[in-house]
>>> print(open('structure17.txt').read())   # compact mmCIF, C-alpha atoms
# COMPACT_ATOMS: atom_id res chain seq x y z
CA MET A 1185 -17.69 -43.90 -6.35
CA THR A 1186 -17.47 -40.13 -6.79
CA LEU A 1187 -14.63 -37.79 -6.04
CA SER A 1188 -14.82 -35.41 -3.12
CA PRO A 1189 -16.47 -32.06 -4.07
CA VAL A 1190 -13.15 -30.29 -3.44
CA PHE A 1191 -11.48 -32.22 -6.25
CA THR A 1192 -14.31 -31.56 -8.69
CA LEU A 1193 -13.88 -27.78 -8.37
CA ASP A 1194 -12.15 -25.84 -11.11
CA ARG A 1195 -8.56 -24.69 -10.77
CA ASN A 1196 -9.44 -21.17 -9.66
CA SER A 1197 -11.82 -22.38 -6.96
CA ARG A 1198 -9.25 -24.78 -5.56
CA LEU A 1199 -6.67 -22.01 -5.51
CA ARG A 1200 -9.05 -19.64 -3.70
CA ILE A 1201 -9.77 -22.27 -1.05
CA SER A 1202 -6.07 -23.07 -0.63
CA VAL A 1203 -5.13 -19.40 -0.30
CA PHE A 1204 -7.90 -18.74 2.22
CA ILE A 1205 -6.91 -21.69 4.40
CA PHE A 1206 -3.24 -20.72 4.23
CA MET A 1207 -4.01 -17.11 5.24
CA LEU A 1208 -6.26 -18.29 8.06
CA VAL A 1209 -3.60 -20.66 9.40
CA SER A 1210 -0.91 -17.98 9.12
CA MET A 1211 -3.02 -15.59 11.19
CA ALA A 1212 -3.68 -18.26 13.82
CA ILE A 1213 -0.01 -19.26 14.06
CA SER A 1214 1.10 -15.63 14.30
CA GLN A 1215 -1.36 -15.08 17.16
CA LEU A 1216 -0.05 -18.18 18.92
CA ALA A 1217 3.53 -17.02 18.40
CA SER A 1218 2.61 -13.55 19.61
CA SER A 1219 1.09 -14.91 22.82
CA ARG A 1220 4.17 -17.09 23.40
CA TYR A 1221 6.56 -14.23 22.56
CA ILE A 1222 8.10 -16.15 19.69
CA GLY A 1223 9.67 -13.50 17.51
CA TYR A 1224 8.02 -10.12 17.88
CA PRO A 1225 4.59 -10.13 19.62
CA ILE A 1226 2.80 -8.26 16.85
CA TRP A 1227 -0.73 -8.89 18.06
CA GLU A 1228 0.14 -8.04 21.64
CA HIS A 1229 1.64 -4.80 20.31
CA LEU A 1230 -1.33 -3.90 18.11
CA LEU A 1231 -3.75 -4.47 20.98
CA SER A 1232 -1.67 -2.60 23.57
CA ASN A 1233 -1.80 1.02 24.68
CA GLN A 1234 1.36 1.63 22.64
CA GLY A 1235 -0.16 0.39 19.40
CA ILE A 1236 -3.93 0.39 19.16
CA PHE A 1237 -5.43 3.32 17.21
CA ASP A 1238 -2.25 5.40 17.60
CA ASP A 1239 -2.44 6.70 14.02
CA PHE A 1240 -6.12 7.51 14.42
CA TYR A 1241 -5.57 9.84 17.35
CA GLY A 1242 -2.68 11.57 15.62
CA ALA A 1243 -4.90 13.06 12.91
CA ARG A 1244 -7.87 14.25 14.99
CA ASP A 1245 -8.25 18.03 15.04
CA GLU A 1246 -9.74 18.53 18.48
CA ASN A 1247 -7.16 20.59 20.43
CA PRO A 1248 -6.89 23.92 18.59
CA ASN A 1249 -4.21 25.45 20.81
CA ASP A 1250 -1.00 27.05 19.61
CA TYR A 1251 1.19 24.07 20.52
CA TYR A 1252 -1.16 21.64 18.78
CA LEU A 1253 -1.47 23.78 15.67
CA GLN A 1254 2.30 24.08 15.42
CA SER A 1255 2.77 20.32 15.81
CA PRO A 1256 4.93 18.68 13.12
CA VAL A 1257 2.16 16.11 12.61
CA TYR A 1258 0.46 18.62 10.34
CA GLY A 1259 3.42 18.66 8.03
CA THR A 1260 3.43 14.91 7.57
CA ASN A 1261 -0.34 14.41 7.42
CA PRO A 1262 -1.65 15.20 3.91
CA PRO A 1263 -4.86 17.25 3.50
CA GLY A 1264 -7.09 14.20 3.07
CA THR A 1265 -6.01 12.77 6.41
CA LEU A 1266 -6.64 16.10 8.12
CA MET A 1267 -10.12 16.36 6.58
CA LEU A 1268 -11.00 12.93 7.91
CA GLY A 1269 -9.48 13.82 11.26
CA ARG A 1270 -11.74 16.84 11.58
CA LEU A 1271 -14.73 14.66 10.66
CA TYR A 1272 -13.86 12.06 13.31
CA ALA A 1273 -13.38 14.81 15.90
CA LEU A 1274 -17.12 15.55 15.68
CA PHE A 1275 -17.73 12.32 17.60
CA PRO A 1276 -16.78 11.47 21.19
CA ASP A 1277 -13.56 9.57 21.65
CA ARG A 1278 -14.72 5.95 21.57
CA ALA A 1279 -17.64 6.68 19.24
CA ALA A 1280 -15.20 8.14 16.71
CA ILE A 1281 -13.22 4.89 16.72
CA VAL A 1282 -16.38 2.86 16.12
CA VAL A 1283 -17.54 5.17 13.32
CA ALA A 1284 -14.14 5.00 11.60
CA ALA A 1285 -13.60 1.25 11.98
CA VAL A 1286 -17.11 0.32 10.87
CA GLY A 1287 -16.93 2.73 7.96
CA TRP A 1288 -13.58 1.33 6.81
CA ALA A 1289 -14.83 -2.25 7.08
CA LEU A 1290 -18.07 -1.58 5.19
CA LEU A 1291 -16.31 0.33 2.41
CA SER A 1292 -13.73 -2.43 2.02
CA ALA A 1293 -16.40 -5.14 2.00
CA TRP A 1294 -18.45 -3.26 -0.60
CA ALA A 1295 -15.43 -2.82 -2.89
CA VAL A 1296 -14.49 -6.52 -2.56
CA GLY A 1297 -18.03 -7.54 -3.45
CA LEU A 1298 -18.08 -5.13 -6.40
CA ILE A 1299 -14.93 -6.49 -8.03
CA ALA A 1300 -15.32 -10.16 -7.06
CA LYS A 1301 -19.06 -10.22 -7.82
CA ARG A 1302 -19.30 -12.66 -4.94
CA TYR A 1303 -19.73 -11.45 -1.40
CA SER A 1304 -18.13 -14.66 -0.16
CA ALA A 1305 -14.84 -12.98 -1.11
CA ILE A 1306 -15.30 -10.70 1.91
CA TRP A 1307 -14.03 -13.55 4.07
CA PHE A 1308 -10.55 -12.77 2.76
CA LEU A 1309 -10.67 -9.53 4.74
CA ALA A 1310 -11.20 -11.50 7.95
CA VAL A 1311 -7.92 -13.41 7.45
CA SER A 1312 -5.86 -10.49 6.16
CA TYR A 1313 -2.94 -9.21 8.21
CA PRO A 1314 -2.61 -5.80 6.42
CA PHE A 1315 -6.36 -5.18 6.77
CA TRP A 1316 -6.37 -5.79 10.52
CA PHE A 1317 -3.09 -3.94 10.95
CA ALA A 1318 -4.67 -0.84 9.38
CA ILE A 1319 -7.88 -1.19 11.40
CA LEU A 1320 -6.09 -1.65 14.72
CA ARG A 1321 -3.65 1.17 14.07
CA GLY A 1322 -6.52 3.38 12.92
CA ASN A 1323 -4.60 4.37 9.80
CA ASP A 1324 -6.27 5.96 6.79
CA ASP A 1325 -4.18 3.88 4.42
CA ILE A 1326 -6.98 1.34 4.78
CA TYR A 1327 -8.50 3.23 1.84
CA LEU A 1328 -5.80 1.83 -0.45
CA LEU A 1329 -7.60 -1.53 -0.38
CA PRO A 1330 -11.03 -0.38 -1.66
CA GLY A 1331 -9.26 2.23 -3.79
CA ILE A 1332 -7.29 -0.26 -5.88
CA LEU A 1333 -10.42 -2.37 -6.37
CA LEU A 1334 -12.39 0.67 -7.58
CA LEU A 1335 -9.55 1.52 -9.96
CA ALA A 1336 -9.64 -1.99 -11.42
CA TRP A 1337 -13.44 -1.86 -11.73
CA SER A 1338 -13.40 1.53 -13.47
CA LEU A 1339 -10.79 0.37 -15.99
CA GLU A 1340 -12.68 -2.81 -16.74
CA ASN A 1341 -15.91 -0.87 -17.25
CA ASN A 1342 -14.36 2.01 -19.20
CA LYS A 1343 -15.08 4.66 -16.54
CA PRO A 1344 -12.04 6.98 -16.80
CA GLU A 1345 -13.73 9.80 -14.89
CA ILE A 1346 -14.33 7.54 -11.89
CA PHE A 1347 -10.75 6.30 -12.17
CA GLY A 1348 -9.45 9.88 -12.05
CA VAL A 1349 -11.62 10.82 -9.07
CA VAL A 1350 -10.52 7.74 -7.09
CA VAL A 1351 -6.84 8.46 -7.81
CA GLY A 1352 -7.31 12.04 -6.66
CA LEU A 1353 -9.04 11.03 -3.44
CA LEU A 1354 -6.36 8.45 -2.67
CA ALA A 1355 -3.62 10.99 -3.38
CA LEU A 1356 -5.13 13.40 -0.85
CA ALA A 1357 -4.25 10.87 1.85
CA GLU A 1358 -1.35 9.04 0.14
CA PRO A 1359 0.59 11.23 -2.36
CA TYR A 1360 2.34 8.22 -3.93
CA SER A 1361 -1.06 7.27 -5.37
CA LEU A 1362 -0.55 9.90 -8.09
CA LEU A 1363 1.45 7.19 -9.88
CA PHE A 1364 -1.90 5.66 -10.81
CA THR A 1365 -2.56 8.58 -13.14
CA ILE A 1366 -0.28 6.82 -15.64
CA PRO A 1367 -2.91 4.30 -16.91
CA LEU A 1368 -5.15 7.23 -17.91
CA VAL A 1369 -2.33 8.74 -19.96
CA PHE A 1370 -1.45 5.42 -21.57
CA THR A 1371 -5.04 4.76 -22.58
CA GLY A 1372 -5.42 8.22 -24.14
CA TYR A 1373 -7.62 9.82 -21.45
CA ILE A 1374 -5.51 12.95 -21.06
CA LYS A 1375 -8.35 15.18 -19.85
CA GLN A 1376 -9.36 12.71 -17.17
CA ALA A 1377 -5.70 12.48 -16.08
CA VAL A 1378 -6.00 16.10 -14.91
CA ILE A 1379 -8.74 15.20 -12.39
CA PRO A 1380 -6.35 13.87 -9.69
CA ALA A 1381 -4.21 17.01 -9.88
CA VAL A 1382 -7.27 19.25 -9.55
CA LEU A 1383 -8.53 17.31 -6.51
CA VAL A 1384 -5.14 17.37 -4.80
CA LEU A 1385 -4.72 21.10 -5.45
CA GLY A 1386 -8.22 21.75 -4.18
CA GLY A 1387 -7.49 19.75 -1.05
CA TRP A 1388 -4.36 21.75 -0.35
CA LEU A 1389 -6.26 25.02 -0.69
CA SER A 1390 -9.39 23.93 1.17
CA THR A 1391 -10.17 25.42 4.56
CA SER A 1392 -11.90 22.14 5.42
CA ALA A 1393 -8.44 20.57 5.56
CA PHE A 1394 -6.71 23.10 7.78
CA GLY A 1395 -9.48 24.44 10.01
CA ALA A 1396 -8.01 26.81 12.57
CA ARG A 1397 -4.63 26.68 10.86
CA ASP A 1398 -3.78 28.76 7.81
CA LEU A 1399 -2.21 27.57 4.58
CA GLY A 1400 1.03 29.45 5.21
CA LEU A 1401 1.56 27.65 8.53
CA TYR A 1402 0.79 24.30 6.97
CA LEU A 1403 3.22 24.90 4.11
CA ARG A 1404 5.97 25.81 6.57
CA LEU A 1405 5.31 22.64 8.50
CA ALA A 1406 5.09 20.67 5.24
CA GLU A 1407 8.59 21.89 4.39
CA ASP A 1408 10.16 21.10 7.76
CA SER A 1409 8.28 18.05 8.99
CA PRO A 1410 9.23 15.55 6.26
CA LYS A 1411 12.85 16.22 7.18
CA THR A 1412 12.02 15.32 10.78
CA TYR A 1413 10.06 12.29 9.59
CA LEU A 1414 12.94 11.05 7.44
CA ARG A 1415 15.43 11.58 10.24
CA ASN A 1416 13.36 9.65 12.78
CA MET A 1417 11.65 6.98 10.68
CA ALA A 1418 14.02 6.37 7.74
CA PHE A 1419 17.49 7.46 8.87
CA GLY A 1420 16.85 6.81 12.55
CA ASP A 1421 15.28 3.37 12.03
CA GLY A 1422 11.92 4.20 13.58
CA GLY A 1423 10.17 2.65 10.59
CA MET A 1424 12.03 -0.65 10.51
CA LEU A 1425 9.95 -2.79 12.87
CA PHE A 1426 6.96 -2.96 10.52
CA GLY A 1427 8.73 -1.77 7.39
CA ASN A 1428 8.57 -3.15 3.87
CA SER A 1429 10.68 -0.69 1.89
CA MET A 1430 13.64 -1.70 -0.24
CA PHE A 1431 15.51 1.18 1.40
CA GLY A 1432 15.06 -0.47 4.80
CA LEU A 1433 16.48 -3.74 3.51
CA LEU A 1434 19.49 -2.01 1.90
CA LYS A 1435 20.04 -0.02 5.09
CA TRP A 1436 20.05 -3.16 7.23
CA ILE A 1437 22.51 -4.91 4.91
CA SER A 1438 24.89 -1.98 4.45
CA GLN A 1439 24.94 -0.91 8.10
CA ASN A 1440 25.74 -4.43 9.31
CA LEU A 1441 28.36 -5.00 6.60
CA ASN A 1442 30.12 -1.77 7.53
CA GLY A 1443 30.10 -2.55 11.25
CA LEU A 1444 28.79 0.86 12.22
CA SER A 1445 28.38 2.14 15.74
CA ALA A 1446 24.99 3.37 16.91
CA GLU A 1447 26.20 6.97 16.65
CA GLU A 1448 27.14 6.57 12.99
CA THR A 1449 23.90 5.06 11.71
CA VAL A 1450 21.85 8.22 11.10
CA GLU A 1451 24.45 10.00 8.99
CA PHE A 1452 25.26 6.76 7.15
CA SER A 1453 21.59 6.20 6.33
CA LYS A 1454 21.25 9.79 5.18
CA ASP A 1455 24.16 9.34 2.76
CA LEU A 1456 22.71 6.00 1.60
CA TYR A 1457 19.39 7.69 0.87
CA GLY A 1458 21.18 10.17 -1.37
CA TRP A 1459 22.26 7.23 -3.53
CA TYR A 1460 18.96 5.39 -3.18
CA LEU A 1461 16.66 8.18 -4.36
CA PRO A 1462 17.88 8.35 -8.00
CA VAL A 1463 17.85 4.53 -8.14
CA ALA A 1464 14.21 4.52 -7.02
CA TRP A 1465 13.25 7.04 -9.70
CA ALA A 1466 15.17 5.02 -12.28
CA ILE A 1467 13.17 1.90 -11.36
CA ILE A 1468 9.93 3.86 -11.80
CA ALA A 1469 11.13 5.08 -15.20
CA VAL A 1470 12.04 1.55 -16.33
CA VAL A 1471 8.63 0.21 -15.31
CA ILE A 1472 6.87 2.99 -17.21
CA VAL A 1473 8.97 2.49 -20.35
CA VAL A 1474 8.56 -1.30 -20.36
CA THR A 1475 4.83 -0.94 -19.82
CA ALA A 1476 4.65 1.50 -22.72
CA LEU A 1477 6.39 -0.95 -25.03
CA ARG A 1478 4.58 -4.14 -24.08
CA ASP A 1479 1.02 -5.33 -24.14
CA THR A 1480 -0.37 -5.46 -20.64
CA THR A 1481 -3.59 -6.01 -18.68
CA VAL A 1482 -5.58 -4.21 -16.02
CA TYR A 1483 -4.15 -6.48 -13.36
CA SER A 1484 -0.51 -6.35 -14.51
CA PHE A 1485 -0.47 -2.58 -14.88
CA LEU A 1486 -2.05 -1.95 -11.49
CA LEU A 1487 0.16 -4.56 -9.83
CA ARG A 1488 3.33 -2.92 -11.14
CA LEU A 1489 2.29 0.49 -9.85
CA ALA A 1490 1.14 -0.98 -6.52
CA LEU A 1491 4.49 -2.74 -6.07
CA LEU A 1492 6.30 0.53 -6.75
CA THR A 1493 4.29 2.31 -4.05
CA CYS A 1494 4.96 -0.49 -1.55
CA LEU A 1495 8.61 -1.03 -2.41
CA LEU A 1496 10.30 2.30 -3.14
CA PRO A 1497 9.32 4.92 -0.52
CA PRO A 1498 11.88 5.13 2.32
CA VAL A 1499 9.29 3.97 4.87
CA VAL A 1500 6.43 1.60 4.02
CA ALA A 1501 4.38 0.36 6.96
CA THR A 1502 2.44 -2.91 6.86
CA TYR A 1503 -0.97 -1.30 6.43
CA LYS A 1504 0.05 -0.12 2.94
CA LEU A 1505 0.17 -3.75 1.85
CA GLY A 1506 -3.63 -3.63 1.79
CA ILE A 1507 -3.26 -2.45 -1.80
CA LEU A 1508 -1.64 -5.80 -2.65
CA LEU A 1509 -4.38 -7.64 -0.78
CA GLY A 1510 -6.90 -5.92 -3.06
CA LEU A 1511 -5.03 -7.10 -6.13
CA LEU A 1512 -4.79 -10.63 -4.72
CA ILE A 1513 -8.59 -10.73 -4.40
CA TYR A 1514 -8.90 -9.29 -7.90
CA ARG A 1515 -6.61 -11.97 -9.26
CA LEU A 1516 -8.38 -14.81 -7.48
CA TYR A 1517 -11.85 -13.81 -8.64
CA ARG A 1518 -11.40 -11.99 -11.96
CA LEU A 1519 -8.53 -13.77 -13.71
CA GLU A 1520 -8.19 -17.29 -15.00
CA ILE A 1521 -5.20 -19.01 -13.41
CA GLY A 1522 -3.93 -20.81 -16.48
CA SER A 1523 -0.32 -21.75 -15.80
CA LYS A 1524 2.17 -22.64 -13.10
CA ARG A 1525 3.59 -19.15 -13.46
CA ASP A 1526 0.19 -17.63 -12.65
CA THR A 1527 -0.07 -19.84 -9.58
CA PHE A 1528 3.45 -18.97 -8.46
CA GLU A 1529 2.80 -15.22 -8.78
CA THR A 1530 -0.40 -15.61 -6.79
CA TRP A 1531 1.43 -17.34 -3.97
CA LEU A 1532 4.11 -14.66 -4.02
CA LEU A 1533 1.39 -12.11 -3.26
CA VAL A 1534 0.11 -14.32 -0.45
CA LEU A 1535 3.60 -14.66 1.07
CA ILE A 1536 4.02 -10.88 1.01
CA ILE A 1537 0.84 -10.10 2.93
CA ILE A 1538 0.88 -12.81 5.63
CA PRO A 1539 2.40 -11.94 9.06
CA LYS A 1540 6.09 -12.80 9.51
CA PRO A 1541 7.16 -11.88 13.06
CA TYR A 1542 9.09 -15.06 13.83
CA ILE A 1543 12.66 -13.83 13.43
CA ILE A 1544 14.02 -10.71 15.12
CA THR A 1545 17.28 -9.04 14.22
CA TYR A 1546 18.84 -5.69 15.03
CA LEU A 1547 20.41 -2.72 13.32
CA PRO A 1548 23.61 -1.20 14.78
CA SER A 1549 21.43 1.55 16.22
CA GLY A 1550 19.68 -1.09 18.34
CA ALA A 1551 16.43 -0.86 16.36
CA LEU A 1552 14.39 -4.06 16.09
CA THR A 1553 13.75 -5.59 12.68
CA THR A 1554 11.55 -8.57 11.88
CA LEU A 1555 11.55 -11.07 9.04
CA GLU A 1556 8.85 -8.99 7.35
CA SER A 1557 11.19 -6.01 6.84
CA LEU A 1558 13.89 -8.22 5.33
CA LEU A 1559 11.88 -10.69 3.25
CA ASN A 1560 9.02 -8.61 1.85
CA PRO A 1561 11.20 -6.25 -0.24
CA ILE A 1562 12.86 -9.28 -1.85
CA LEU A 1563 9.50 -10.92 -2.61
CA MET A 1564 8.07 -7.69 -4.04
CA LEU A 1565 11.14 -7.10 -6.20
CA LEU A 1566 10.90 -10.67 -7.53
CA LEU A 1567 7.20 -10.25 -8.31
CA LEU A 1568 7.84 -6.91 -10.02
CA MET A 1569 10.51 -8.44 -12.25
CA MET A 1570 8.20 -11.33 -13.15
CA THR A 1571 5.39 -8.97 -14.18
CA MET A 1572 7.84 -7.01 -16.33
CA THR A 1573 8.68 -10.06 -18.43
CA GLN A 1574 5.08 -10.71 -19.46
CA GLY A 1575 3.62 -9.64 -22.78
CA GLN A 1576 5.14 -9.12 -26.20
CA LEU A 1577 7.06 -6.09 -27.44
CA SER A 1578 4.81 -4.00 -29.65
CA THR A 1579 6.02 -2.83 -33.05
CA THR A 1580 5.08 0.77 -32.27
CA ASN A 1581 6.71 2.88 -29.59
CA ARG A 1582 3.85 3.78 -27.31
CA ILE A 1583 5.75 6.64 -25.71
CA ALA A 1584 6.13 8.51 -28.98
CA GLU A 1585 2.67 7.66 -30.32
CA SER A 1586 -0.80 7.03 -28.93
CA PRO A 1587 -1.23 3.55 -27.39
CA VAL A 1588 -1.59 0.83 -29.98
CA LYS A 1589 -5.12 -0.56 -30.08
CA LYS A 1590 -5.83 1.53 -26.96
CA PHE A 1591 -4.46 -1.33 -24.86
CA ARG A 1592 -7.23 -3.67 -25.89
CA GLN A 1593 -5.95 -6.32 -23.52
CA PHE A 1594 -5.61 -3.73 -20.78
CA ARG A 1595 -9.23 -2.64 -21.05
CA SER A 1596 -10.62 -6.11 -21.46
CA GLY A 1597 -8.68 -7.45 -18.49
CA ALA A 1598 -7.47 -10.42 -20.51
CA VAL A 1599 -4.58 -12.37 -18.99
>>> encode(input="structure17.txt", output="structure tokens")
Amino acid sequence: MTLSPVFTLDRNSRLRISVFIFMLVSMAISQLASSRYIGYPIWEHLLSNQGIFDDFYGARDENPNDYYLQSPVYGTNPPGTLMLGRLYALFPDRAAIVVAAVGWALLSAWAVGLIAKRYSAIWFLAVSYPFWFAILRGNDDIYLLPGILLLAWSLENNKPEIFGVVVGLLALAEPYSLLFTIPLVFTGYIKQAVIPAVLVLGGWLSTSAFGARDLGLYLRLAEDSPKTYLRNMAFGDGGMLFGNSMFGLLKWISQNLNGLSAEETVEFSKDLYGWYLPVAWAIIAVVIVVTALRDTTVYSFLLRLALLTCLLPPVVATYKLGILLGLLIYRLYRLEIGSKRDTFETWLLVLIIIPKPYIITYLPSGALTTLESLLNPILMLLLLMMTMTQGQLSTTNRIAESPVKKFRQFRSGAV
């Protein structure tokens, strides 16, 4: 009598199968809950006229009138998003959606196949909540998923120039991505670390980004619009329904503990943000220092930086979690799961990216909040702390001197 083929698989294969089934079931249950209006109907929302492709239409440069050119959207959309918006505007309305969605899906599938070296891994995209959230919203943050996989591939294959170019391209659409310049500095590739800055500067000065607008107008909007964005989305709770930021969690806790009225919430959140901002920068500094002092790996380094970008900004929408999905796929296919700790960390990633609409609560302002906005920051903070305790302290201070052994484990991708 022989065992079932499932039980004869190695540990990694069993984990991949378990994760895939769990993600598939979570998507199915969330759809069922959405149709029954249990919790927040996320799928009904994403497929409605108030949700589907809203972000896509916001970046298209197809109405060059004075009101449109003066719109605050051009202060919050970085140059890369505007470049893509002008490209999409070359196509008719529905055709542009098809071109964008198919392009995003193909690029993501190619990057998954590249890093996993198995195209069967593409099935993880089909059961991924952040991936579909980005596709259905039409948001350019979908590029974070293939981007993080290309960064991992370029580090593993000692391609610092490609790494720098990818960071620069990501930063044109998502400025927080500049954090990923740090691995180039730590591995001694100082010249290549300049590439992202050059690409971002070039994007800001490029007429292909601004079209009928001029740079002066864009800079004025870029100064004023983030203030409007913070007031509406961070202080005014507009970003809480699908939020993942630690600031959102702290805001929910502090506002409810203080028993605020709806009229008091904006000013209270603004004051809270004044305290939160230095704390966020301090967390970034601690992560950088600890990483400089300890041996690390491709996966651990990228995961820490990805968690910072998903945890610390004042507003982090669900589609940004695609960067963690990319690292989950990387972990499942490129790393050996050798301990219970490895397995636990893997499942933490899974719990972060699955849909969690089942519990609804409110802020004093009346804004809706789901379990995702409350639980995900806690899970990400726990995972970040766990990754910080891995590795051994090196005998040489890597901040004062060049990296010891050029991060041999980092380049080799060893666990």
>>> atom_distance(input="structure17.txt", atom1="CA of Pro1561 in chain A", atom2="CA of Leu1433 in chain A")
6.9 Å
>>> atom_distance(input="structure17.txt", atom1="CA of Val1499 in chain A", atom2="CA of Glu1556 in chain A")
13.2 Å
>>> residues_around(input="structure17.txt", residues="Pro1262 in chain A", least_positions_apart="5", cutoff="8 Å", atoms="all atoms listed in the file", output="list in words")
Leu1356, Ala1357, Glu1358 and Pro1359 of chain A
>>> closest_residue(input="structure17.txt", among="A:Arg1515, A:Lys1504, A:Lys1454, A:Lys1301", to="Val1203 in chain A", atoms="all atoms listed in the file")
A:Arg1515
>>> closest_residue(input="structure17.txt", among="A:Ile1326, A:Ile1222, A:Leu1496, A:Val1450", to="Ser1292 in chain A", atoms="all atoms listed in the file")
A:Ile1326
>>> atom_distance(input="structure17.txt", atom1="CA of Ala1446 in chain A", atom2="CA of Ile1562 in chain A")
25.7 Å
>>> closest_residue(input="structure17.txt", among="A:Asn1428, A:Thr1371, A:Ser1361, A:Ser1338", to="Ala1476 in chain A", atoms="only C-alpha atoms")
A:Thr1371
>>> residues_around(input="structure17.txt", residues="Ala1217 in chain A", least_positions_apart="5", cutoff="9 Å", atoms="all atoms listed in the file", output="ChimeraX atom specification")
/A:1212,1222-1226,1541-1542
>>> decode(input="structure17.txt", residues="range 1478-1504 of chain A", atoms="C-alpha atoms", output="CSV table (one decimal), in the first residue's frame")
chain,number,residue,atom,x,y,z
A,1478,ARG,CA,23.2,41.7,10.7
A,1479,ASP,CA,23.6,39.1,8.0
A,1480,THR,CA,20.6,39.0,5.8
A,1481,THR,CA,19.2,37.6,2.6
A,1482,VAL,CA,17.6,38.8,-0.6
A,1483,TYR,CA,14.2,37.8,0.7
A,1484,SER,CA,14.6,39.3,4.2
A,1485,PHE,CA,16.0,42.6,3.0
A,1486,LEU,CA,13.3,43.1,0.4
A,1487,LEU,CA,10.5,41.9,2.8
A,1488,ARG,CA,11.6,44.5,5.4
A,1489,LEU,CA,11.5,47.3,2.9
A,1490,ALA,CA,8.2,46.1,1.4
A,1491,LEU,CA,6.6,46.0,4.9
A,1492,LEU,CA,7.8,49.6,5.5
A,1493,THR,CA,6.2,50.8,2.3
A,1494,CYS,CA,2.9,49.0,3.2
A,1495,LEU,CA,2.8,49.9,6.9
A,1496,LEU,CA,4.1,53.4,7.4
A,1497,PRO,CA,2.6,55.8,4.8
A,1498,PRO,CA,-0.6,57.6,6.2
A,1499,VAL,CA,-2.8,55.9,3.5
A,1500,VAL,CA,-2.0,52.4,2.1
A,1501,ALA,CA,-4.7,51.0,-0.1
A,1502,THR,CA,-5.1,47.3,-0.7
A,1503,TYR,CA,-3.6,47.2,-4.1
A,1504,LYS,CA,-0.2,48.1,-2.6
